[in-house]
Structure formats: structure tokens, C-alpha cells
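Chemist: First the structure, then my questions, so here it is.
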Protein chains: 2
Amino acid sequence: MGKKQLIMERALELFAEQGFEPTSVQQITERCGISKGAFYLSFKSKDELIVALIDQFMSQMISNTDYQVTNMQNNELSLYNFYFTMFQASQKHSNFAKILMKEQSHSFNSELVLKFHDYDKLLEKTILTMTEKLFGERIENTKYDLVYCIKGFISIYSELILFNNVPVDLEQLAQSLVEKTNLLASQVTIPFVTKEIFQLRRLSKTEITNDQLLEVLEQSLNEAEEPLEQESLSLLKQHLLEPSLSPALVEGLLKNIQDYPNCKWIAFLLRNYLKLNSIK
Amino acid sequence: MGKKQLIMERALELFAEQGFEPTSVQQITERCGISKGAFYLSFKSKDELIVALIDQFMSQMISNTDYQVTNMQNNELSLYNFYFTMFQASQKHSNFAKILMKEQSHSFNSELVLKFHDYDKLLEKTILTMTEKLFGERIENTKYDLVYCIKGFISIYSELILFNNVPVDLEQLAQSLVEKTNLLASQVTIPFVTKEIFQLRRLSKTEITNDQLLEVLEQSLNEAEEPLEQESLSLLKQHLLEPSLSPALVEGLLKNIQDYPNCKWIAFLLRNYLKLNSIK
DNA sequence: TTGACAACTGACTAATTAGTCATTATTATA
DNA sequence: TATAATAATGACTAATTAGTCAGTTGTCAA
């Protein structure tokens, strides 16, 4: 295991126990059994480590969820699967999930807050898309409330699971939330969250630029090992520099890369970016 | 205004902006326009200030809510009033509410965590009492889930109100949540949060004692029917009173009982307890 | 065996923190 | 006004922090 990976894993444990601020670089290096200097060979600063951790987990989580929702068949299992994988992920990555719950609205580091907020918005958008797919126009007036209720369910039950050593039957949990969600979707009549409120939240939208996209793509390209992966990324890069491929070809290339762990994020970003720009 | 009050007000602002840890006593005294020494005339330590703030607001909030619930007439307005006053309070004391959301699961100060947890338990109990009053035995199986859903609603809509400068119609919000709550109360059939999970929550943070464990064991023993079940429980009881069995024997006994429905709980508790104590 | 290079170390700096205390200012009382 | 009591100050300590860097160790090719 590389030093960088070792540091990230041990730091994650400490952050989950204590939070970012109260965890010192000293503590991290002690738990790793390395010196302080060695830490700064892997990361420029403590903040860079934190950002790296957040990016690693959030991008994975968001892109997984989004892919799941995008390819969702509208059937009885869809919602169940959504909840199940959601809680399964937060159980699997419980250390990170704990940090999320603890630090998500902290403002001692404004770059961090923006990051959390951006990821939260992405998740919110994914949930909105899901509710639209599942329940369609029937819930036009109440869909934003439904999104918030789903977020509330996830938040409060995650807390229950993460912070209390309770033996958990995730299938039962998912089932019970599906029932609740369906009830609310089909019978709620009084809305509170309007489209305006919902959109106001996302005003500070930091739209991703072509250059930023290229940067992420370049990084994935460097990490790529398989020929198919490399070739697809390379073609997508050319398309990004000068659009030339038809939508179907692009979609095919995205499908090629999206199952490689280190390509999930760029696949998600590209899909969003290209969809957005084709609408313009 | 007394010094103590001044300090508490200004500190509250800073804590809401930055959190407890990153706010220094220096900053607080500067914003108050007093010296550092003066601070320590009013409070023995920074922690004492934090505890004072928490106690002041939480006790007020909890006792208000509890009074409201205790004197609740079971009518259509009860639930509405509950939600309305809840959000009204969090809007009025928005600084403190923000701190609550930010710090509630922080563990850098264990006294604080216990405090938050204690107050949270009190609120949970109040909400449980309310649901029992409002919906009675109809929701016996699902009432703990209802409590969690209500907590989820409060949490996620509070966040929306507090952290996004959104103009809010509290009456509309309360109405919409009343509708949702009534729907869930009357039609949900699949429970997730069992009585056991609900009660475990109250044990986990503060370590379970030998006596509490014996109590639960005794209860399972009374309900036991099979000889194997009875004998195993009985042996485990003796081991609990005076440790004498080797780990392998204990594990075997636990395996004996863990599949009887009414022993699952005590098996889980015992395993946790014994593992914890053997590590020491 | 030697030399070159990268990986690593931990004592160090400079900044910040909570909390202290000798000193000074203010106020109340006689 | 004089004295005592109280309130307030801010320079100070001791501890902790993130981050640095001169020096040590390990590795591998010639």
C-alpha cells in the first residue's frame, strides 16, 4: 500500500473519531508509524488531505447513485434499490459517512463548505430526477417536498445506524422507507418547498469549465491501465477539444469507461457536461 | 446587561459562525470589548461557557415542548402547534439552532456529547409521548419509526430554513408536515425501528452496567421455553455474576441461544459487553 | 565498493491557544 | 476625602499546532 493511501486510511479513522479540526498531523503520523516530514511528502498540507478524502468518497458515491438513477427501470424495485445501496454504502464507508454528518455544515474552512454544498446539490438533483422518473407529473406540486423528505429519511436513519451500535436489517429498512415514500408521493397535497425555494438553494452554482474537465480527464487517463479504458478516454478527450463524435458514439465511450473505478467520476462529469451543452 | 449575558450573546454569534473549537476566547473578548481576564471572572473556562449556553437553550426548548405536549388536547391543531412552535423557536434562536446542527455529534469533548445526547433523548421521549397521545394504540408497531420520521422532518426542514436565506411561511410548513405525519401514522405498515433499537440508543453512549445486563438476561430467562435455551441462559447468568467460563465456552452458549427470537437481544448485548470487558 | 539519488526523519520555528496573576482602575462607603 | 472592596486589565506561561529543513538512512546501478 502506498504512503498516500495509508495516510488517507488512518486519517479517516481519526477524523471520524474526532473531526477535522481537533485531529493533528502529529496524531495522523503517529498512527501511520511515519514521521511528520513523510506526511508532507505525500500532501502539501492538512487541508489538501481533507479535500482529497472528500473528493475520493463523494465523487464515488455521487457517480454511483447517479448512474443507478439514470439507468433506473420504473418498477417496484427501483426505489428499494436506491435506499438499499444508499445505506449499504454509508455502512461500508461508515468512517467517511460519520465525518459527513459531523462536518457538513462547518464553516471554519469555506472551501470545504462549498465542496460539501456542491456535492449535496448534486445528490439533491439526482434524487429529484429519481422522483420525476418514478412518479412523473402526478407529483408536480409536491416533488420538491418529496426530495426533502427522502433526504430527511436518509439523514435521520443514517444517524441511527452510524452512531448507535445497532444490529441492522438493511432490507427491512429499505422496504419500510419505500412504503413511506410511496405514501407521501401518492397522497400528499400540501406543498411547502416551492420551485423557487428549491432553486434559490443552488444559485451559487459553480459551473464546471472545459479546462477543469480536461484536467480531471487527463488525470484519469494517467491512471488508466486497460487499453479499452485508455483508448476511450483518449477519444473523449479529442471530442472535448473539438466536438466531432455523434451522441451515440459518445454514449458508447462513456459506457466503456464507467465501470472502471477511477473513471466513474469523469464519466459522470462528462455526461452532465455534454448533456448541458447540447441543450444550449 | 450583565457581563455574563453579554459574553453569552457575543459568543453565541461566534460559535454559530465558526463552531466551538475554532472560536478562541480572545475572539470572544474582543467582540465583547473586554479583556481576557474579565472573561475568566464570569466563566471558569471556555467549556463552562459552552455548557452554560447549551443548558440555557436546551432546557428552555425541551421544557417548552414537553409542557406543550403534556397539556396537549388531542385535536387537529395539536400536531400543527407542535411543528409551528418548534420551527418558530429554531428561527428565533437561529444562532443556537445552527450550533446544534453543526456540533451535535462532535466528539472532541465527551461531556458535551453526553449532554447533547441526553437532551436529544429527552426530545425523543417527548415526541414519542406525543405520538402515543395523538395516535394511540393504532400505531403500536410503527410508532418508533414515526418518531424518527418526525425527527427527520424537523432536522431537514430546519436545515433548509437556517442555512439558506429563504423566505419562509411557517404556517404552510407546519400544515404540510401535519399532513405528512398523519399519512404516515395512519397508513404505514412496515416498521423498522423496533422497541429494542429505540431503547438501545439510550444505553450505547454510557456503558451498559452489569446490573442492567442481568435485568435483560433475567427477562429472557423467564420467557425461555426450550431446555437448551434455559440452561444456556442460566450458565451465562452465572458467568456474568462470577466469570468462570473460557471464551470458547461462552461463545458456544451464545450460539446456542442466538437463534431463539427472544434471545437475540440479550445475545447481542452479551457479546458486546463481554468483548468490551475482555479487551480491557 | 562507491556514488548518486530518493525516501525519510525529528528537532526546530513561528504562530496560536487556554488560562493565570500581579497590577491598576473604579466604585461604594464612612 | 480616605479607605476598602470590587472589577478589570493585559503581559505572561505552558502547551499545542502546522509546517520546514538540515541531516540520516536505504536502495540500486555502475
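Order determines the names: the first chain of the C-alpha cells is A, the second B, and so forth; residues in each chain are numbered 1 upward, and ligands are numbered 1 upward as they are shown.
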Considering only C-alpha atoms (C1' of nucleotides), return as a list in words whatever protein or nucleic-acid residues lie within 9 Å of range 157-166 of chain B, sequence-local ones (same chain, fewer than 2 positions apart) excluded.

Modeler: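 Listing them by chain and then by number gives Ser105, Tyr148, Cys149, Gly152, Ile197, Leu200 and Arg201 of chain A; Phe87, Ser90, Gln91, Ser94, Asn95, Ala97, Lys98, Met101, Gly152, Phe153, Ile154, Ser155, Val168 and Leu173 of chain B.
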
Chemist: Would you save the residues from that selection as a compact mmCIF listing (two decimals), in the first residue's frame, using all heavy atoms?

Modeler:
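Written output follows (result19.txt):
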```
# COMPACT_ATOMS: atom_id res chain seq x y z
N SER A 105 -21.82 21.04 7.76
CA SER A 105 -22.18 22.45 7.72
C SER A 105 -21.18 23.32 8.46
O SER A 105 -21.48 24.43 8.84
CB SER A 105 -23.59 22.64 8.28
OG SER A 105 -23.72 21.97 9.50
N TYR A 148 -37.05 16.53 -0.22
CA TYR A 148 -36.59 16.84 1.13
C TYR A 148 -36.94 15.76 2.13
O TYR A 148 -36.16 15.47 3.05
CB TYR A 148 -37.12 18.21 1.58
CG TYR A 148 -36.12 19.27 1.22
CD1 TYR A 148 -36.07 19.78 -0.07
CD2 TYR A 148 -35.18 19.70 2.14
CE1 TYR A 148 -35.12 20.69 -0.44
CE2 TYR A 148 -34.22 20.61 1.78
CZ TYR A 148 -34.19 21.11 0.50
OH TYR A 148 -33.23 22.00 0.14
N CYS A 149 -38.09 15.15 1.97
CA CYS A 149 -38.45 14.06 2.87
C CYS A 149 -37.49 12.88 2.69
O CYS A 149 -37.03 12.28 3.67
CB CYS A 149 -39.89 13.60 2.62
SG CYS A 149 -41.09 14.82 3.14
N GLY A 152 -34.42 13.71 4.34
CA GLY A 152 -34.62 13.61 5.78
C GLY A 152 -34.58 12.17 6.26
O GLY A 152 -33.94 11.87 7.27
N ILE A 197 -37.90 28.16 -4.00
CA ILE A 197 -37.05 27.85 -2.84
C ILE A 197 -35.99 26.84 -3.24
O ILE A 197 -34.81 26.98 -2.94
CB ILE A 197 -37.89 27.29 -1.67
CG1 ILE A 197 -38.76 28.39 -1.08
CG2 ILE A 197 -36.99 26.69 -0.59
CD1 ILE A 197 -39.65 27.94 0.05
N LEU A 200 -33.40 28.49 -5.42
CA LEU A 200 -32.64 29.52 -4.71
C LEU A 200 -31.42 28.91 -4.07
O LEU A 200 -30.33 29.48 -4.03
CB LEU A 200 -33.53 30.15 -3.63
CG LEU A 200 -33.02 31.46 -3.03
CD1 LEU A 200 -32.88 32.50 -4.12
CD2 LEU A 200 -33.94 31.94 -1.94
N ARG A 201 -31.61 27.70 -3.53
CA ARG A 201 -30.55 26.97 -2.88
C ARG A 201 -29.34 26.76 -3.79
O ARG A 201 -28.22 26.63 -3.33
CB ARG A 201 -31.07 25.59 -2.48
CG ARG A 201 -31.13 25.34 -1.00
CD ARG A 201 -31.65 23.97 -0.76
NE ARG A 201 -30.67 22.95 -1.14
CZ ARG A 201 -29.54 22.72 -0.50
NH1 ARG A 201 -29.23 23.42 0.54
NH2 ARG A 201 -28.71 21.78 -0.92
N PHE B 87 -40.48 25.11 14.89
CA PHE B 87 -39.73 25.87 13.88
C PHE B 87 -39.64 27.35 14.26
O PHE B 87 -38.66 28.00 13.94
CB PHE B 87 -40.39 25.71 12.50
CG PHE B 87 -40.16 24.36 11.90
CD1 PHE B 87 -41.19 23.44 11.79
CD2 PHE B 87 -38.90 23.98 11.45
CE1 PHE B 87 -40.98 22.18 11.25
CE2 PHE B 87 -38.67 22.73 10.91
CZ PHE B 87 -39.72 21.83 10.80
N SER B 90 -36.74 27.56 16.53
CA SER B 90 -35.44 27.43 15.89
C SER B 90 -35.13 28.63 15.01
O SER B 90 -33.98 28.94 14.73
CB SER B 90 -35.33 26.12 15.11
OG SER B 90 -35.91 26.23 13.85
N GLN B 91 -36.20 29.32 14.59
CA GLN B 91 -35.97 30.55 13.82
C GLN B 91 -35.57 31.69 14.75
O GLN B 91 -34.64 32.44 14.46
CB GLN B 91 -37.26 30.92 13.06
CG GLN B 91 -37.00 31.64 11.77
CD GLN B 91 -38.28 31.87 11.00
OE1 GLN B 91 -39.34 32.12 11.58
NE2 GLN B 91 -38.20 31.79 9.68
N SER B 94 -32.02 31.25 16.08
CA SER B 94 -31.35 30.61 14.95
C SER B 94 -29.85 30.39 15.20
O SER B 94 -29.28 29.40 14.75
CB SER B 94 -31.56 31.42 13.68
OG SER B 94 -30.98 32.70 13.83
N ASN B 95 -29.23 31.31 15.92
CA ASN B 95 -27.81 31.11 16.22
C ASN B 95 -27.56 29.81 16.95
O ASN B 95 -26.66 29.05 16.61
CB ASN B 95 -27.27 32.27 17.07
CG ASN B 95 -26.84 33.44 16.23
OD1 ASN B 95 -26.69 33.29 15.01
ND2 ASN B 95 -26.67 34.58 16.84
N ALA B 97 -29.62 27.26 17.16
CA ALA B 97 -30.05 26.12 16.34
C ALA B 97 -28.97 25.72 15.36
O ALA B 97 -28.73 24.53 15.11
CB ALA B 97 -31.34 26.46 15.61
N LYS B 98 -28.28 26.74 14.83
CA LYS B 98 -27.19 26.43 13.90
C LYS B 98 -26.09 25.64 14.60
O LYS B 98 -25.56 24.68 14.06
CB LYS B 98 -26.60 27.73 13.33
CG LYS B 98 -27.41 28.30 12.18
CD LYS B 98 -26.78 29.59 11.67
CE LYS B 98 -27.74 30.31 10.75
NZ LYS B 98 -27.25 31.65 10.39
N MET B 101 -27.08 22.03 15.04
CA MET B 101 -26.97 21.23 13.82
C MET B 101 -25.51 20.91 13.53
O MET B 101 -25.17 19.83 13.06
CB MET B 101 -27.55 21.96 12.63
CG MET B 101 -28.98 22.42 12.83
SD MET B 101 -30.00 22.02 11.41
CE MET B 101 -30.26 20.29 11.65
N GLY B 152 -36.69 13.44 11.53
CA GLY B 152 -36.11 13.68 10.21
C GLY B 152 -36.70 14.92 9.56
O GLY B 152 -35.98 15.75 9.01
N PHE B 153 -38.04 15.05 9.64
CA PHE B 153 -38.69 16.24 9.08
C PHE B 153 -38.14 17.50 9.73
O PHE B 153 -37.74 18.45 9.05
CB PHE B 153 -40.21 16.19 9.32
CG PHE B 153 -40.92 15.14 8.51
CD1 PHE B 153 -42.12 14.57 8.96
CD2 PHE B 153 -40.42 14.70 7.29
CE1 PHE B 153 -42.79 13.61 8.22
CE2 PHE B 153 -41.08 13.74 6.54
CZ PHE B 153 -42.27 13.19 7.01
N ILE B 154 -38.11 17.49 11.06
CA ILE B 154 -37.64 18.67 11.78
C ILE B 154 -36.20 19.00 11.38
O ILE B 154 -35.86 20.14 11.09
CB ILE B 154 -37.72 18.45 13.31
CG1 ILE B 154 -39.19 18.38 13.73
CG2 ILE B 154 -37.01 19.57 14.06
CD1 ILE B 154 -39.40 17.96 15.17
N SER B 155 -35.37 17.95 11.33
CA SER B 155 -33.97 18.18 11.02
C SER B 155 -33.75 18.75 9.63
O SER B 155 -33.05 19.75 9.44
CB SER B 155 -33.23 16.86 11.22
OG SER B 155 -32.16 16.75 10.34
N VAL B 168 -39.71 32.27 4.54
CA VAL B 168 -40.43 31.07 4.97
C VAL B 168 -41.81 31.39 5.52
O VAL B 168 -41.98 32.31 6.30
CB VAL B 168 -39.62 30.34 6.05
CG1 VAL B 168 -40.46 29.27 6.71
CG2 VAL B 168 -38.37 29.73 5.44
N LEU B 173 -45.54 25.52 6.29
CA LEU B 173 -44.62 24.43 6.62
C LEU B 173 -45.25 23.49 7.64
O LEU B 173 -45.27 22.26 7.45
CB LEU B 173 -43.30 25.00 7.17
CG LEU B 173 -42.29 23.97 7.70
CD1 LEU B 173 -41.94 22.94 6.65
CD2 LEU B 173 -41.02 24.67 8.19
```

Chemist: Looking only at alpha helix (DSSP H) from DSSP on the backbone, list the matching residues of range 42-244 of chain B as JSON, numbers by chain.

Modeler: {"B": [42, 46, 47, 48, 49, 50, 51, 52, 53, 54, 55, 56, 57, 58, 59, 60, 61, 62, 63, 64, 65, 66, 67, 68, 69, 70, 76, 77, 78, 79, 80, 81, 82, 83, 84, 85, 86, 87, 88, 89, 90, 91, 92, 94, 95, 96, 97, 98, 99, 100, 101, 102, 103, 110, 111, 112, 113, 114, 115, 116, 117, 118, 119, 120, 121, 122, 123, 124, 125, 126, 127, 128, 129, 130, 131, 132, 133, 134, 135, 143, 144, 145, 146, 147, 148, 149, 150, 151, 152, 153, 154, 155, 156, 157, 158, 159, 160, 161, 162, 163, 170, 171, 172, 173, 174, 175, 176, 177, 178, 179, 180, 181, 182, 183, 184, 185, 186, 187, 195, 196, 197, 198, 199, 200, 201, 202, 203, 204, 210, 211, 212, 213, 214, 215, 216, 217, 218, 219, 220, 221, 222, 223, 227, 228, 229, 230, 231, 232, 233, 234, 235, 236, 237, 238, 239, 240, 241]}

Chemist: Please identify every residue of chain D that has at least one atom no more than 10 Å from any atom of chain A, counting only C-alpha atoms (C1' of nucleotides), and report them as a PDB file with N, CA and C atoms (P, O5', C5', C4', C3', O3' and C1' of nucleotides), in the first residue's frame.

Modeler:
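part.pdb was written with the following content:
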```pdb
ATOM      1  P    DT D  16       0.257  19.539  25.471  1.00  0.00           P
ATOM      2  O5'  DT D  16      -0.250  20.022  24.046  1.00  0.00           O
ATOM      3  C5'  DT D  16      -1.435  20.815  23.941  1.00  0.00           C
ATOM      4  C4'  DT D  16      -1.473  21.438  22.570  1.00  0.00           C
ATOM      5  C3'  DT D  16      -0.984  20.518  21.453  1.00  0.00           C
ATOM      6  O3'  DT D  16      -2.021  20.305  20.519  1.00  0.00           O
ATOM      7  C1'  DT D  16      -0.076  22.694  21.248  1.00  0.00           C
ATOM      8  P    DT D  17      -1.846  19.242  19.357  1.00  0.00           P
ATOM      9  O5'  DT D  17      -1.732  20.174  18.071  1.00  0.00           O
ATOM     10  C5'  DT D  17      -2.724  21.168  17.814  1.00  0.00           C
ATOM     11  C4'  DT D  17      -2.190  22.171  16.819  1.00  0.00           C
ATOM     12  C3'  DT D  17      -1.502  21.550  15.615  1.00  0.00           C
ATOM     13  O3'  DT D  17      -2.470  21.253  14.642  1.00  0.00           O
ATOM     14  C1'  DT D  17      -0.306  23.472  16.455  1.00  0.00           C
ATOM     15  P    DA D  18      -2.047  20.370  13.395  1.00  0.00           P
ATOM     16  O5'  DA D  18      -1.404  21.430  12.408  1.00  0.00           O
ATOM     17  C5'  DA D  18      -2.187  22.503  11.897  1.00  0.00           C
ATOM     18  C4'  DA D  18      -1.319  23.375  11.021  1.00  0.00           C
ATOM     19  C3'  DA D  18      -0.786  22.670   9.776  1.00  0.00           C
ATOM     20  O3'  DA D  18      -0.801  23.595   8.699  1.00  0.00           O
ATOM     21  C1'  DA D  18       1.034  23.340  11.146  1.00  0.00           C
ATOM     22  P    DG D  19      -0.459  23.120   7.233  1.00  0.00           P
ATOM     23  O5'  DG D  19       1.112  23.333   7.157  1.00  0.00           O
ATOM     24  C5'  DG D  19       1.622  24.658   7.306  1.00  0.00           C
ATOM     25  C4'  DG D  19       3.115  24.601   7.485  1.00  0.00           C
ATOM     26  C3'  DG D  19       3.894  23.842   6.394  1.00  0.00           C
ATOM     27  O3'  DG D  19       4.866  24.721   5.847  1.00  0.00           O
ATOM     28  C1'  DG D  19       4.668  23.300   8.539  1.00  0.00           C
ATOM     29  P    DT D  20       5.884  24.275   4.696  1.00  0.00           P
ATOM     30  O5'  DT D  20       7.304  24.293   5.430  1.00  0.00           O
ATOM     31  C5'  DT D  20       7.663  25.412   6.223  1.00  0.00           C
ATOM     32  C4'  DT D  20       9.098  25.265   6.693  1.00  0.00           C
ATOM     33  C3'  DT D  20      10.088  24.784   5.621  1.00  0.00           C
ATOM     34  O3'  DT D  20      11.296  25.520   5.803  1.00  0.00           O
ATOM     35  C1'  DT D  20      10.171  23.320   7.463  1.00  0.00           C
ATOM     36  P    DC D  21      12.304  25.661   4.585  1.00  0.00           P
ATOM     37  O5'  DC D  21      13.671  25.153   5.203  1.00  0.00           O
ATOM     38  C5'  DC D  21      13.838  25.026   6.626  1.00  0.00           C
ATOM     39  C4'  DC D  21      14.882  23.960   6.908  1.00  0.00           C
ATOM     40  C3'  DC D  21      15.712  23.525   5.691  1.00  0.00           C
ATOM     41  O3'  DC D  21      17.026  23.243   6.128  1.00  0.00           O
ATOM     42  C1'  DC D  21      14.645  21.664   6.583  1.00  0.00           C
TER      43       DC D  21
END
```

Chemist: Considering only C-alpha atoms, can you say which of A:Leu128, A:Leu134, A:Val250, A:Leu146 comes closest to chain B?

Modeler: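 That would be A:Leu146, the residue with the smallest distance to chain B.
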
Chemist: Please check the contacts: residues of chain A at most 10 Å away from chain C, using only C-alpha atoms (C1' of nucleotides), listed as a count of residues only.

Modeler: 7

Chemist: Find the spatial neighbours of Phe96 in chain B, counting only C-alpha atoms (C1' of nucleotides), within a cut-off of 9 Å - ignore same-chain residues fewer than 6 positions away - and output them as a list in words.

Modeler: Leu12, Glu13, Phe15, Ala16, Leu53, Ile54, Phe57 and Ser90 of chain B

Chemist: Create the file for the chosen residues now, containing N, CA, C and O atoms and written as a tab-separated table (two decimals), in the first residue's frame.

Modeler:
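Result went into selection_20.tsv, see below:
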```tsv
chain	number	residue	atom	x	y	z
B	12	LEU	N	-22.21	33.31	21.35
B	12	LEU	CA	-23.18	32.56	20.55
B	12	LEU	C	-23.05	32.91	19.07
B	12	LEU	O	-23.05	32.03	18.20
B	13	GLU	N	-22.90	34.20	18.81
B	13	GLU	CA	-22.73	34.63	17.42
B	13	GLU	C	-21.51	33.96	16.80
B	13	GLU	O	-21.57	33.39	15.71
B	15	PHE	N	-19.80	31.31	17.82
B	15	PHE	CA	-19.93	29.85	17.73
B	15	PHE	C	-20.77	29.46	16.53
B	15	PHE	O	-20.48	28.49	15.83
B	16	ALA	N	-21.83	30.23	16.29
B	16	ALA	CA	-22.70	29.92	15.16
B	16	ALA	C	-21.95	30.11	13.84
B	16	ALA	O	-22.18	29.38	12.88
B	53	LEU	N	-24.32	27.78	27.72
B	53	LEU	CA	-25.14	28.10	26.55
B	53	LEU	C	-26.08	26.95	26.21
B	53	LEU	O	-27.28	27.15	25.98
B	54	ILE	N	-25.50	25.77	26.17
B	54	ILE	CA	-26.30	24.61	25.81
B	54	ILE	C	-27.43	24.40	26.82
B	54	ILE	O	-28.59	24.20	26.44
B	57	PHE	N	-30.35	27.06	26.53
B	57	PHE	CA	-31.29	26.93	25.42
B	57	PHE	C	-32.00	25.59	25.39
B	57	PHE	O	-33.22	25.53	25.16
B	90	SER	N	-36.74	27.56	16.53
B	90	SER	CA	-35.44	27.43	15.89
B	90	SER	C	-35.13	28.63	15.01
B	90	SER	O	-33.98	28.94	14.73
```

Chemist: Calculated over only C-alpha atoms, which of the candidates B:Leu170, B:Ala89, B:Ile62, B:Ile127 has the smallest distance to chain A?

Modeler: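 Ranked by minimum distance to chain A, first place goes to B:Leu170.
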
Chemist: So, counting only C-alpha atoms, which residue among B:Gln219, B:Ser186, B:Ser176, B:Gln68 is closest to chain A?

Modeler: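 The closest residue to chain A is B:Ser176.
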
Chemist: What does the distance between CA of Ile190 in chain A and CA of Glu171 in chain B come to in Å, to one decimal place?

Modeler: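 Taking CA of Ile190 in chain A as the start and CA of Glu171 in chain B as the end point, the length is 11.4 Å.
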